[in-house]
file work.csv (CSV, C-alpha atoms and all ligand atoms)
chain,number,residue,atom,x,y,z
A,5,MET,CA,79.3,83.1,77.6
A,6,ASN,CA,75.9,83.3,75.9
A,7,VAL,CA,73.3,81.7,78.2
A,8,MET,CA,70.2,83.2,76.6
A,9,ILE,CA,67.2,80.9,76.0
A,10,ASP,CA,63.9,82.0,74.7
A,11,LEU,CA,61.0,82.7,77.1
A,12,HIS,CA,58.7,80.0,75.7
A,13,THR,CA,61.4,77.3,76.3
A,14,PHE,CA,62.1,78.6,79.7
A,15,TYR,CA,58.5,78.4,80.8
A,16,LEU,CA,58.0,75.0,79.2
A,17,LEU,CA,61.1,73.7,81.1
A,18,THR,CA,59.8,75.1,84.4
A,19,TRP,CA,56.4,73.6,83.9
A,20,ILE,CA,58.0,70.2,83.2
A,21,TRP,CA,60.1,70.6,86.3
A,22,ILE,CA,56.9,71.3,88.4
A,23,GLY,CA,55.2,68.3,86.8
A,24,LEU,CA,58.2,66.1,87.9
A,25,ALA,CA,57.9,67.4,91.5
A,26,VAL,CA,54.2,66.4,91.5
A,27,VAL,CA,55.1,62.9,90.3
A,28,ILE,CA,57.8,62.6,93.0
A,29,PHE,CA,55.5,63.9,95.6
A,30,LEU,CA,52.9,61.2,94.8
A,31,VAL,CA,55.5,58.5,94.8
A,32,LEU,CA,57.0,59.6,98.1
A,33,LEU,CA,53.5,60.0,99.6
A,34,THR,CA,52.9,56.2,99.3
A,35,GLY,CA,55.6,55.8,101.9
A,36,ARG,CA,57.2,52.9,100.0
A,37,ILE,CA,60.4,54.9,99.2
A,38,THR,CA,62.2,57.1,101.7
A,39,ALA,CA,65.2,59.1,100.7
A,40,PRO,CA,68.0,57.0,102.2
A,41,TYR,CA,69.8,59.5,104.3
A,42,GLY,CA,69.8,60.3,108.0
A,43,ARG,CA,67.7,57.8,109.9
A,44,TYR,CA,66.8,56.0,106.7
A,45,THR,CA,70.4,55.4,105.4
A,46,ARG,CA,70.7,51.9,104.1
A,47,GLU,CA,72.6,49.7,101.7
A,48,GLY,CA,71.5,49.3,98.1
A,49,TRP,CA,72.0,52.8,96.9
A,50,GLY,CA,75.7,52.5,95.9
A,51,ALA,CA,78.9,53.8,97.5
A,52,PHE,CA,78.9,56.1,100.5
A,53,ILE,CA,80.4,59.5,101.2
A,54,GLY,CA,80.8,61.2,104.6
A,55,ASN,CA,77.7,63.0,105.6
A,56,ARG,CA,79.2,66.4,106.1
A,57,ALA,CA,81.1,66.5,102.8
A,58,ALA,CA,77.9,65.3,101.0
A,59,TRP,CA,75.9,68.2,102.4
A,60,VAL,CA,78.5,70.8,101.3
A,61,ILE,CA,78.9,69.3,97.8
A,62,MET,CA,75.2,68.8,97.3
A,63,GLU,CA,74.1,72.3,98.4
A,64,ILE,CA,76.9,74.6,97.3
A,65,PRO,CA,75.9,74.6,93.6
A,66,SER,CA,72.7,76.4,94.6
A,67,LEU,CA,74.7,79.3,96.2
A,68,LEU,CA,77.1,79.5,93.2
A,69,LEU,CA,74.8,79.0,90.3
A,70,PHE,CA,72.1,81.3,91.5
A,71,SER,CA,74.7,84.0,92.2
A,72,PHE,CA,76.2,83.5,88.8
A,73,PHE,CA,73.0,83.9,86.8
A,74,PHE,CA,71.7,86.7,89.0
A,75,LEU,CA,74.9,88.7,88.7
A,76,SER,CA,75.8,88.0,85.1
A,77,GLY,CA,72.5,88.7,83.5
A,78,PRO,CA,71.5,91.9,81.7
A,79,VAL,CA,68.4,92.7,83.9
A,80,PRO,CA,69.0,95.8,86.0
A,81,HIS,CA,68.5,95.0,89.7
A,82,ASP,CA,66.5,97.1,92.1
A,83,ALA,CA,66.1,96.9,95.9
A,84,ILE,CA,63.5,94.2,95.6
A,85,THR,CA,65.6,91.8,93.5
A,86,TRP,CA,68.7,92.5,95.6
A,87,LEU,CA,66.6,91.5,98.6
A,88,PHE,CA,65.7,88.2,96.9
A,89,PHE,CA,69.4,87.7,96.2
A,90,ALA,CA,70.2,88.3,99.8
A,91,MET,CA,67.5,85.9,101.0
A,92,TRP,CA,68.8,83.2,98.7
A,93,VAL,CA,72.5,83.7,99.6
A,94,PHE,CA,71.6,83.9,103.3
A,95,HIS,CA,69.8,80.6,103.2
A,96,TYR,CA,72.3,78.7,101.1
A,97,ALA,CA,75.4,80.1,102.8
A,98,ASN,CA,73.9,78.5,105.9
A,99,ARG,CA,72.8,75.3,104.3
A,100,SER,CA,76.0,74.6,102.4
A,101,LEU,CA,78.7,76.1,104.6
A,102,ILE,CA,77.4,76.4,108.2
A,103,TYR,CA,74.7,73.8,108.8
A,104,PRO,CA,76.9,70.8,107.8
A,105,PHE,CA,79.5,71.8,110.3
A,106,ARG,CA,76.9,72.2,113.1
A,107,THR,CA,75.5,68.7,112.7
A,108,ARG,CA,76.9,65.9,114.9
A,109,THR,CA,77.0,63.3,112.2
A,110,ARG,CA,80.7,62.9,111.8
A,111,GLU,CA,80.7,59.1,111.6
A,112,LYS,CA,77.6,59.1,109.4
A,113,LYS,CA,77.5,58.5,105.7
A,114,MET,CA,75.2,59.3,102.8
A,115,PRO,CA,74.9,57.3,99.6
A,116,LEU,CA,76.7,59.1,96.7
A,117,SER,CA,73.5,58.5,94.6
A,118,VAL,CA,71.5,60.6,97.1
A,119,MET,CA,74.1,63.3,97.1
A,120,PHE,CA,74.0,63.5,93.3
A,121,MET,CA,70.2,63.6,93.3
A,122,GLY,CA,70.3,66.5,95.7
A,123,MET,CA,72.9,68.2,93.7
A,124,PHE,CA,70.9,67.8,90.5
A,125,PHE,CA,67.9,69.3,92.2
A,126,ASN,CA,70.0,72.3,93.3
A,127,LEU,CA,71.5,72.7,89.9
A,128,VAL,CA,68.2,73.0,88.2
A,129,ASN,CA,66.4,74.9,90.9
A,130,ALA,CA,69.2,77.5,91.3
A,131,SER,CA,69.5,77.9,87.5
A,132,LEU,CA,65.8,78.5,86.9
A,133,ASN,CA,65.5,81.0,89.7
A,134,GLY,CA,68.8,82.8,89.1
A,135,TYR,CA,68.3,82.9,85.4
A,136,TYR,CA,64.8,84.3,85.8
A,137,LEU,CA,65.9,87.1,88.0
A,138,GLY,CA,69.1,87.8,86.0
A,139,TYR,CA,68.0,87.3,82.4
A,140,ILE,CA,64.2,87.5,82.2
A,141,MET,CA,62.5,89.4,85.0
A,142,PRO,CA,61.9,93.1,84.3
A,143,VAL,CA,62.1,95.2,87.4
A,144,TYR,CA,59.2,94.9,89.8
A,145,PRO,CA,56.4,97.5,89.5
A,146,GLU,CA,56.7,100.7,91.5
A,147,GLY,CA,55.6,100.1,95.1
A,148,TRP,CA,55.8,96.2,94.9
A,149,TRP,CA,57.2,96.3,98.4
A,150,LYS,CA,53.7,97.5,99.6
A,151,ASP,CA,51.9,94.8,97.7
A,152,PRO,CA,50.0,92.3,100.0
A,153,ARG,CA,51.8,89.4,98.3
A,154,PHE,CA,55.2,90.9,99.0
A,155,LEU,CA,54.3,91.7,102.6
A,156,ALA,CA,52.7,88.4,103.4
A,157,GLY,CA,55.5,86.5,101.7
A,158,PHE,CA,58.1,88.5,103.7
A,159,VAL,CA,56.4,87.6,107.0
A,160,ILE,CA,56.0,83.9,106.1
A,161,TYR,CA,59.6,83.6,104.8
A,162,PHE,CA,61.2,85.1,107.9
A,163,THR,CA,58.9,83.3,110.3
A,164,GLY,CA,59.9,80.1,108.4
A,165,VAL,CA,63.6,81.0,108.8
A,166,VAL,CA,63.3,81.4,112.6
A,167,ILE,CA,61.3,78.1,112.9
A,168,ASN,CA,63.7,76.2,110.7
A,169,TRP,CA,66.9,77.5,112.3
A,170,TRP,CA,65.6,77.0,115.8
A,171,ALA,CA,64.4,73.4,115.1
A,172,ASP,CA,67.6,72.5,113.3
A,173,GLY,CA,69.5,73.7,116.3
A,174,ARG,CA,67.3,71.8,118.7
A,175,LEU,CA,67.7,68.5,116.8
A,176,ILE,CA,71.4,68.9,116.5
A,177,SER,CA,71.7,69.6,120.2
A,178,LEU,CA,69.9,66.3,121.0
A,179,ARG,CA,73.0,64.5,120.0
A,180,ARG,CA,75.0,66.3,122.6
A,181,ASP,CA,73.1,64.5,125.3
A,182,ASN,CA,72.3,61.2,123.5
A,183,GLY,CA,75.4,60.5,121.4
A,184,LYS,CA,74.6,58.7,118.2
A,185,GLU,CA,71.1,57.7,119.3
A,186,TYR,CA,67.9,59.4,118.4
A,187,ALA,CA,65.8,61.0,121.1
A,188,ILE,CA,62.3,62.6,121.3
A,189,PRO,CA,62.7,66.3,120.8
A,190,TYR,CA,60.7,68.5,123.1
A,191,GLY,CA,60.0,72.2,123.5
A,192,GLY,CA,59.1,75.1,121.2
A,193,MET,CA,57.3,74.0,118.1
A,194,PHE,CA,58.0,70.4,118.9
A,195,ARG,CA,55.1,70.6,121.3
A,196,TRP,CA,52.8,70.6,118.3
A,197,VAL,CA,54.7,68.9,115.4
A,198,SER,CA,57.4,66.3,114.9
A,199,CYS,CA,59.2,68.2,112.1
A,200,PRO,CA,59.2,72.0,112.7
A,201,ASN,CA,62.4,72.2,110.7
A,202,TYR,CA,60.5,71.0,107.6
A,203,LEU,CA,57.5,73.3,108.4
A,204,GLY,CA,59.9,76.2,108.6
A,205,GLU,CA,61.6,75.3,105.3
A,206,MET,CA,58.2,74.9,103.5
A,207,MET,CA,57.2,78.3,104.9
A,208,GLU,CA,60.4,79.9,103.7
A,209,TRP,CA,60.0,78.9,100.1
A,210,SER,CA,56.3,79.5,100.0
A,211,GLY,CA,56.9,82.9,101.4
A,212,PHE,CA,59.6,83.5,98.8
A,213,ALA,CA,57.3,82.4,96.0
A,214,LEU,CA,54.6,84.8,97.2
A,215,MET,CA,57.1,87.7,97.4
A,216,ALA,CA,58.7,87.0,94.1
A,217,TRP,CA,55.5,86.0,92.3
A,218,ASN,CA,57.1,84.1,89.5
A,219,LEU,CA,57.0,80.6,88.1
A,220,PRO,CA,60.5,79.4,89.1
A,221,ALA,CA,60.0,80.6,92.7
A,222,LEU,CA,56.7,78.7,92.7
A,223,SER,CA,58.5,75.6,91.4
A,224,PHE,CA,60.9,75.8,94.3
A,225,ALA,CA,58.0,76.0,96.8
A,226,VAL,CA,56.3,73.0,95.1
A,227,TRP,CA,59.5,70.9,95.2
A,228,THR,CA,60.1,71.8,98.8
A,229,VAL,CA,56.7,70.5,99.8
A,230,ALA,CA,57.1,67.5,97.5
A,231,ASN,CA,60.3,66.5,99.3
A,232,LEU,CA,59.5,67.5,102.9
A,233,LEU,CA,55.9,66.8,103.4
A,234,PRO,CA,56.2,63.0,102.8
A,235,ARG,CA,59.4,63.0,104.7
A,236,ALA,CA,57.7,64.6,107.7
A,237,LEU,CA,55.0,62.0,107.6
A,238,ASN,CA,57.7,59.3,107.6
A,239,HIS,CA,59.5,60.8,110.5
A,240,HIS,CA,56.3,61.1,112.4
A,241,ARG,CA,55.5,57.4,111.8
A,242,TRP,CA,59.1,56.5,112.7
A,243,TYR,CA,59.0,58.3,116.0
A,244,LYS,CA,55.7,56.7,117.0
A,245,LYS,CA,57.1,53.3,116.1
A,246,HIS,CA,60.4,53.7,118.0
A,247,PHE,CA,59.1,55.5,121.1
A,248,PRO,CA,56.0,54.1,122.7
A,249,GLU,CA,55.9,57.2,125.0
A,250,TYR,CA,55.8,59.5,122.0
A,251,PRO,CA,53.3,62.4,122.6
A,252,ALA,CA,50.0,61.2,121.2
A,253,ASP,CA,48.6,64.6,120.3
A,254,ARG,CA,51.7,65.8,118.3
A,255,LYS,CA,51.1,66.1,114.6
A,256,ALA,CA,53.6,65.5,111.8
A,257,VAL,CA,54.2,68.9,110.4
A,258,PHE,CA,51.1,71.2,110.5
A,259,PRO,CA,50.0,72.0,114.0
A,260,PHE,CA,46.6,70.6,114.9
A,261,LEU,CA,46.1,69.4,111.3
A,262,LEU,CA,48.5,66.8,109.8
B,301,LIG,P1,66.3,65.7,109.9
B,301,LIG,O1,65.3,66.3,110.8
B,301,LIG,O2,66.1,64.3,109.4
B,301,LIG,O3,67.8,65.8,110.6
B,301,LIG,C1,68.4,67.0,111.0
B,301,LIG,C2,69.6,66.7,111.8
B,301,LIG,O4,69.2,66.4,113.2
B,301,LIG,C3,70.4,65.5,111.4
B,301,LIG,O5,71.8,65.8,111.7
B,301,LIG,C4,69.9,64.4,112.2
B,301,LIG,O6,70.8,63.3,112.4
B,301,LIG,C5,69.6,65.1,113.5
B,301,LIG,N1,68.3,64.5,114.2
B,301,LIG,C6,67.1,64.6,113.6
B,301,LIG,N2,66.2,64.1,114.5
B,301,LIG,C7,66.9,63.7,115.6
B,301,LIG,C8,66.5,63.1,116.8
B,301,LIG,N3,65.3,62.8,117.1
B,301,LIG,N4,67.5,62.8,117.7
B,301,LIG,C9,68.8,63.1,117.4
B,301,LIG,N5,69.2,63.7,116.3
B,301,LIG,C10,68.3,64.0,115.4
B,301,LIG,O7,66.5,66.7,108.7
B,301,LIG,P2,67.2,66.5,107.2
B,301,LIG,O8,68.5,66.0,107.4
B,301,LIG,O9,66.2,65.8,106.3
B,301,LIG,O10,67.2,68.1,106.7
B,301,LIG,C11,68.1,69.0,107.3
B,301,LIG,C12,67.7,70.4,106.9
B,301,LIG,O11,67.7,70.5,105.4
B,301,LIG,C13,66.3,70.8,107.3
B,301,LIG,O12,66.4,72.1,107.8
B,301,LIG,C14,65.5,70.7,106.1
B,301,LIG,O13,64.4,71.6,106.1
B,301,LIG,C15,66.5,71.0,105.0
B,301,LIG,N6,66.1,70.3,103.7
B,301,LIG,C16,65.5,71.0,102.7
B,301,LIG,C17,65.1,70.4,101.6
B,301,LIG,C18,64.3,71.2,100.5
B,301,LIG,O14,63.8,70.5,99.6
B,301,LIG,N7,64.3,72.5,100.5
B,301,LIG,C19,65.3,68.9,101.4
B,301,LIG,C20,65.9,68.3,102.5
B,301,LIG,C21,66.3,69.0,103.6
B,301,LIG,P3,70.9,62.1,111.3
B,301,LIG,O15,71.4,62.7,110.1
B,301,LIG,O16,71.8,61.2,112.0
B,301,LIG,O17,69.5,61.5,111.2

call {"tool": "encode", "arguments": {"input": "work.csv", "output": "structure tokens"}}
result
Amino acid sequence: MNVMIDLHTFYLLTWIWIGLAVVIFLVLLTGRITAPYGRYTREGWGAFIGNRAAWVIMEIPSLLLFSFFFLSGPVPHDAITWLFFAMWVFHYANRSLIYPFRTRTREKKMPLSVMFMGMFFNLVNASLNGYYLGYIMPVYPEGWWKDPRFLAGFVIYFTGVVINWWADGRLISLRRDNGKEYAIPYGGMFRWVSCPNYLGEMMEWSGFALMAWNLPALSFAVWTVANLLPRALNHHRWYKKHFPEYPADRKAVFPFLL
């Protein structure tokens, strides 16, 4: 299969994709629209599908498409690009095949429209990043692993992974004690912010963008912030509205700041 496109078109598409993220960020920031899944699930977004199946179907294209483009392209891979591949696969193997089965949302549903939007995002995002590393990116310069961008990105990415995994686990375990109800999460990073899982995720892809130092990786970081920063602000407002005893000094997503 010939999947070659010229460089100019590729960069143009990626810039348009980044522009779309900025528009969506501004719309979500108004707080008028909240993606209708999880605590914001509501009627009016079409037919529903089981939550667990929705997460698998929505996320798995990212694992498959990125791998396809990375592995099928003509660009020779070195230790650096294999590391990027491993980081991506590690994240999306969790998100598509492990995380959905850890959540305690068996009876919960997600609108199919939301699942398709998530899927569309993953199709484009994985294609841009996989294609870039498989078909466009020449090997990184000698000694890139010693570059401050690579080293800082590495630390930020893996710190983000630890925060995200820990916070996801903490939220999931709340359901063990509280059934279908929501409860105030305590402990760890929850001491400072309402959504450490989103903070961790934003750190992961910002770190990845720094390490990879390319436009598609930057677009992923921008999209992650565009999706999760407004959602964290909504969660924070939601907690304060539903729990009068909610810790007053806790921020939404960035400790001591926001
Ligand atoms: P949420 O924090 O809304 O929910 C995570 C899980 O914990 C859900 O199963 C939720 O149940 C449950 N939960 C959350 N808060 C509570 C609480 N207070 N009491 C009891 N249970 C709770 O996260 P998302 O579902 O939005 O995201 C899940 C993961 O996916 C995160 O790690 C996030 O970073 C990542 N993600 C990444 C995106 C990206 O653009 N890169 C976009 C979206 C998500 P319920 O579903 O019933 O609310």

call {"tool": "residues_around", "arguments": {"input": "work.csv", "residues": "range 70-74 of chain A", "least_positions_apart": "6", "cutoff": "7 Å", "atoms": "only C-alpha atoms", "output": "PyMOL selection string"}}
result
chain A and resi 130-131+133-135+137-138

call {"tool": "residues_near_ligand", "arguments": {"input": "work.csv", "ligand": "ligand LIG 301 (chain B)", "cutoff": "6 Å", "atoms": "all atoms listed in the file", "output": "count of residues only"}}
result
19

call {"tool": "closest_residue", "arguments": {"input": "work.csv", "among": "A:Pro65, A:Gly23, A:Gly147, A:Pro78", "to": "Phe125 in chain A", "atoms": "only C-alpha atoms"}}
result
A:Pro65

call {"tool": "closest_atom_pairs", "arguments": {"input": "work.csv", "of": "range 83-159 of chain A", "to": "range 52-55 of chain A", "cutoff": "10 Å", "atoms": "all atoms listed in the file", "output": "tab-separated table"}}
result
residue	atom	partner	partner_atom	distance
A:Pro104	CA	A:Asn55	CA	8.1
A:Thr107	CA	A:Asn55	CA	9.4
A:Arg108	CA	A:Asn55	CA	9.8
A:Thr109	CA	A:Asn55	CA	6.6
A:Arg110	CA	A:Asn55	CA	6.9
A:Glu111	CA	A:Gly54	CA	7.3
A:Lys112	CA	A:Asn55	CA	5.4
A:Lys113	CA	A:Gly54	CA	4.4
A:Met114	CA	A:Asn55	CA	5.3
A:Pro115	CA	A:Phe52	CA	4.3
A:Leu116	CA	A:Phe52	CA	5.3
A:Ser117	CA	A:Phe52	CA	8.4
A:Val118	CA	A:Phe52	CA	9.3
A:Met119	CA	A:Ile53	CA	8.4

call {"tool": "closest_residue", "arguments": {"input": "work.csv", "among": "A:Glu185, A:Asp82, A:Asp10, A:Glu47", "to": "Glu146 in chain A", "atoms": "only C-alpha atoms"}}
result
A:Asp82

call {"tool": "residues_around", "arguments": {"input": "work.csv", "residues": "range 94-97 of chain A", "least_positions_apart": "6", "cutoff": "8 Å", "atoms": "all atoms listed in the file", "output": "number ranges by chain"}}
result
A: 63-64, 66-67

call {"tool": "atom_distance", "arguments": {"input": "work.csv", "atom1": "CA of Val26 in chain A", "atom2": "CA of Val226 in chain A"}}
result
7.8 Å

call {"tool": "decode", "arguments": {"input": "work.csv", "residues": "range 106-160 of chain A", "atoms": "C-alpha atoms", "output": "JSON list (two decimals), in the first residue's frame"}}
result
[["chain", "number", "residue", "atom", "x", "y", "z"],
["A", 106, "ARG", "CA", -10.00, -1.76, 35.75],
["A", 107, "THR", "CA", -12.81, 0.83, 35.88],
["A", 108, "ARG", "CA", -15.89, 0.03, 37.91],
["A", 109, "THR", "CA", -18.36, 1.41, 35.40],
["A", 110, "ARG", "CA", -19.99, -1.80, 34.20],
["A", 111, "GLU", "CA", -23.53, -0.41, 34.22],
["A", 112, "LYS", "CA", -22.48, 2.93, 32.81],
["A", 113, "LYS", "CA", -22.96, 4.00, 29.23],
["A", 114, "MET", "CA", -21.33, 6.46, 26.84],
["A", 115, "PRO", "CA", -23.05, 8.11, 23.85],
["A", 116, "LEU", "CA", -21.89, 6.52, 20.60],
["A", 117, "SER", "CA", -21.28, 10.02, 19.24],
["A", 118, "VAL", "CA", -18.69, 10.66, 21.97],
["A", 119, "MET", "CA", -17.04, 7.33, 21.26],
["A", 120, "PHE", "CA", -16.80, 8.23, 17.55],
["A", 121, "MET", "CA", -15.36, 11.65, 18.33],
["A", 122, "GLY", "CA", -12.72, 10.05, 20.55],
["A", 123, "MET", "CA", -12.02, 7.51, 17.86],
["A", 124, "PHE", "CA", -11.64, 10.20, 15.22],
["A", 125, "PHE", "CA", -9.17, 12.04, 17.42],
["A", 126, "ASN", "CA", -7.16, 8.85, 17.91],
["A", 127, "LEU", "CA", -7.20, 8.00, 14.19],
["A", 128, "VAL", "CA", -5.77, 11.37, 13.22],
["A", 129, "ASN", "CA", -3.38, 11.69, 16.14],
["A", 130, "ALA", "CA", -1.89, 8.21, 15.78],
["A", 131, "SER", "CA", -1.62, 8.57, 12.00],
["A", 132, "LEU", "CA", 0.21, 11.89, 12.20],
["A", 133, "ASN", "CA", 2.65, 10.69, 14.84],
["A", 134, "GLY", "CA", 3.18, 7.20, 13.43],
["A", 135, "TYR", "CA", 3.53, 8.49, 9.88],
["A", 136, "TYR", "CA", 6.06, 11.08, 10.92],
["A", 137, "LEU", "CA", 8.29, 8.57, 12.69],
["A", 138, "GLY", "CA", 7.86, 5.84, 10.06],
["A", 139, "TYR", "CA", 7.87, 7.85, 6.83],
["A", 140, "ILE", "CA", 9.38, 11.28, 7.40],
["A", 141, "MET", "CA", 11.69, 11.63, 10.38],
["A", 142, "PRO", "CA", 15.32, 11.02, 9.57],
["A", 143, "VAL", "CA", 17.22, 9.41, 12.46],
["A", 144, "TYR", "CA", 17.87, 11.74, 15.38],
["A", 145, "PRO", "CA", 21.28, 13.42, 15.53],
["A", 146, "GLU", "CA", 24.10, 11.57, 17.23],
["A", 147, "GLY", "CA", 23.91, 12.07, 21.00],
["A", 148, "TRP", "CA", 20.22, 13.21, 20.99],
["A", 149, "TRP", "CA", 19.70, 11.19, 24.16],
["A", 150, "LYS", "CA", 22.05, 13.63, 25.95],
["A", 151, "ASP", "CA", 20.19, 16.70, 24.68],
["A", 152, "PRO", "CA", 18.48, 18.71, 27.48],
["A", 153, "ARG", "CA", 15.16, 18.52, 25.57],
["A", 154, "PHE", "CA", 15.33, 14.75, 25.47],
["A", 155, "LEU", "CA", 16.38, 14.42, 29.12],
["A", 156, "ALA", "CA", 13.82, 16.92, 30.46],
["A", 157, "GLY", "CA", 11.07, 15.35, 28.34],
["A", 158, "PHE", "CA", 12.02, 11.89, 29.60],
["A", 159, "VAL", "CA", 11.69, 12.97, 33.23],
["A", 160, "ILE", "CA", 8.43, 14.84, 32.59]]
